[in-house]
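**Student:** Before anything else, here's the structure in question.
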Amino acid sequence: MTDRVRTGGSWPLTAATLLVLAGGYGWLGSFVAGRYGALVGSACGLALSGLLYALVEMAISGPRAMRRHRRRARC
């Protein structure tokens with residue numbers, strides 16, 4: 001069984017999104033501020049892709065079960 005089958009086949013899309021966002025922001029940063037801008041832009045692209053990944057995971061996981069907090073009886 002390959003990794004792609006085990007993970008549901010979604011990792012190529014995640015990797016492509018990561019590359020497109022980091023590359024796009026890196027290119028935009030290099031256009032604006034040279035090498036330093038490219039590094040900052042790539043870092044922003046990586047951070048944005050991580051944020052998008054977390055938001056999508058939260059959205060597809062469904063609503064959280066309500067947690068009931070029980071108060072312990074004081075003696």
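Following the order of the structure tokens, first chain is A, next is B, and so on, with residues numbered from 1 inside each chain and ligands from 1 in the order they appear.
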Could you give me, as number ranges by chain, the residues within 8 Å of Leu21 (chain A), counting only C-alpha atoms and dropping anything in the same chain fewer than 4 positions from it?
**Tutor:** A: 17, 25, 42, 45-46, 48-49
**Student:** Kindly export the residues of the current selection with all heavy atoms, as a PDB file, in the first residue's frame.
**Tutor:**
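And here's part17.pdb as it stands now:
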ATOM      1  N   THR A  17      -0.326  23.447  -3.011  1.00  0.00           N
ATOM      2  CA  THR A  17      -0.758  24.716  -2.426  1.00  0.00           C
ATOM      3  C   THR A  17       0.398  25.395  -1.712  1.00  0.00           C
ATOM      4  O   THR A  17       0.595  26.608  -1.848  1.00  0.00           O
ATOM      5  CB  THR A  17      -1.910  24.472  -1.435  1.00  0.00           C
ATOM      6  OG1 THR A  17      -2.966  23.822  -2.117  1.00  0.00           O
ATOM      7  CG2 THR A  17      -2.414  25.766  -0.849  1.00  0.00           C
ATOM      8  N   TYR A  25       4.372  34.350  -3.255  1.00  0.00           N
ATOM      9  CA  TYR A  25       4.761  35.441  -2.360  1.00  0.00           C
ATOM     10  C   TYR A  25       6.258  35.712  -2.438  1.00  0.00           C
ATOM     11  O   TYR A  25       6.692  36.860  -2.282  1.00  0.00           O
ATOM     12  CB  TYR A  25       4.343  35.138  -0.921  1.00  0.00           C
ATOM     13  CG  TYR A  25       2.883  35.446  -0.672  1.00  0.00           C
ATOM     14  CD1 TYR A  25       1.950  34.430  -0.549  1.00  0.00           C
ATOM     15  CD2 TYR A  25       2.447  36.753  -0.562  1.00  0.00           C
ATOM     16  CE1 TYR A  25       0.616  34.707  -0.329  1.00  0.00           C
ATOM     17  CE2 TYR A  25       1.117  37.045  -0.338  1.00  0.00           C
ATOM     18  CZ  TYR A  25       0.203  36.015  -0.218  1.00  0.00           C
ATOM     19  OH  TYR A  25      -1.115  36.294  -0.003  1.00  0.00           O
ATOM     20  N   SER A  42       8.454  34.490   0.926  1.00  0.00           N
ATOM     21  CA  SER A  42       8.343  33.033   1.036  1.00  0.00           C
ATOM     22  C   SER A  42       7.915  32.619   2.434  1.00  0.00           C
ATOM     23  O   SER A  42       7.094  31.714   2.605  1.00  0.00           O
ATOM     24  CB  SER A  42       9.673  32.368   0.701  1.00  0.00           C
ATOM     25  OG  SER A  42       9.987  32.590  -0.652  1.00  0.00           O
ATOM     26  N   GLY A  45       4.284  33.240   2.698  1.00  0.00           N
ATOM     27  CA  GLY A  45       3.561  32.205   1.970  1.00  0.00           C
ATOM     28  C   GLY A  45       3.465  30.912   2.752  1.00  0.00           C
ATOM     29  O   GLY A  45       2.422  30.253   2.778  1.00  0.00           O
ATOM     30  N   LEU A  46       4.562  30.534   3.420  1.00  0.00           N
ATOM     31  CA  LEU A  46       4.544  29.328   4.250  1.00  0.00           C
ATOM     32  C   LEU A  46       3.597  29.493   5.436  1.00  0.00           C
ATOM     33  O   LEU A  46       2.841  28.581   5.772  1.00  0.00           O
ATOM     34  CB  LEU A  46       5.954  29.009   4.745  1.00  0.00           C
ATOM     35  CG  LEU A  46       6.931  28.514   3.689  1.00  0.00           C
ATOM     36  CD1 LEU A  46       8.333  28.425   4.290  1.00  0.00           C
ATOM     37  CD2 LEU A  46       6.490  27.186   3.138  1.00  0.00           C
ATOM     38  N   LEU A  48       0.994  31.513   5.615  1.00  0.00           N
ATOM     39  CA  LEU A  48      -0.374  31.547   5.113  1.00  0.00           C
ATOM     40  C   LEU A  48      -0.865  30.151   4.750  1.00  0.00           C
ATOM     41  O   LEU A  48      -2.004  29.795   5.042  1.00  0.00           O
ATOM     42  CB  LEU A  48      -0.470  32.464   3.895  1.00  0.00           C
ATOM     43  CG  LEU A  48      -1.852  32.633   3.288  1.00  0.00           C
ATOM     44  CD1 LEU A  48      -2.803  33.252   4.298  1.00  0.00           C
ATOM     45  CD2 LEU A  48      -1.778  33.480   2.043  1.00  0.00           C
ATOM     46  N   SER A  49      -0.008  29.342   4.158  1.00  0.00           N
ATOM     47  CA  SER A  49      -0.432  27.984   3.813  1.00  0.00           C
ATOM     48  C   SER A  49      -0.668  27.153   5.072  1.00  0.00           C
ATOM     49  O   SER A  49      -1.580  26.323   5.116  1.00  0.00           O
ATOM     50  CB  SER A  49       0.574  27.305   2.890  1.00  0.00           C
ATOM     51  OG  SER A  49       1.798  27.129   3.551  1.00  0.00           O
TER      52      SER A  49
END
**Student:** So the first atom is CA of Leu18 (chain A) and the second is CA of Gly50 (chain A); what is the distance between them in Å, to one decimal place?
**Tutor:** 8.2 Å
**Student:** List as a list in words the protein and nucleic acid residues near Ala38 (chain A), meaning an atom at most 8 Å away when only C-alpha atoms are counted, but skip any in the same chain fewer than 4 places from it.
**Tutor:**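 Everything that qualifies: Tyr25, Gly26, Trp27, Leu28, Gly29, Ser30, Phe31, Ala33, Gly34 and Ser42 of chain A.
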**Student:** Could you jot down the CA of Tyr53 (chain A) to CA of Thr14 (chain A) separation for me, Å, one decimal place?
**Tutor:**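 Taking CA of Tyr53 (chain A) and CA of Thr14 (chain A), their separation equals 7.9 Å.
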**Student:** By how many Å are CA of Ala22 (chain A) and CA of Val40 (chain A) apart?
**Tutor:**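 Spanning CA of Ala22 (chain A) to CA of Val40 (chain A) is a straight-line distance of 9.9 Å.
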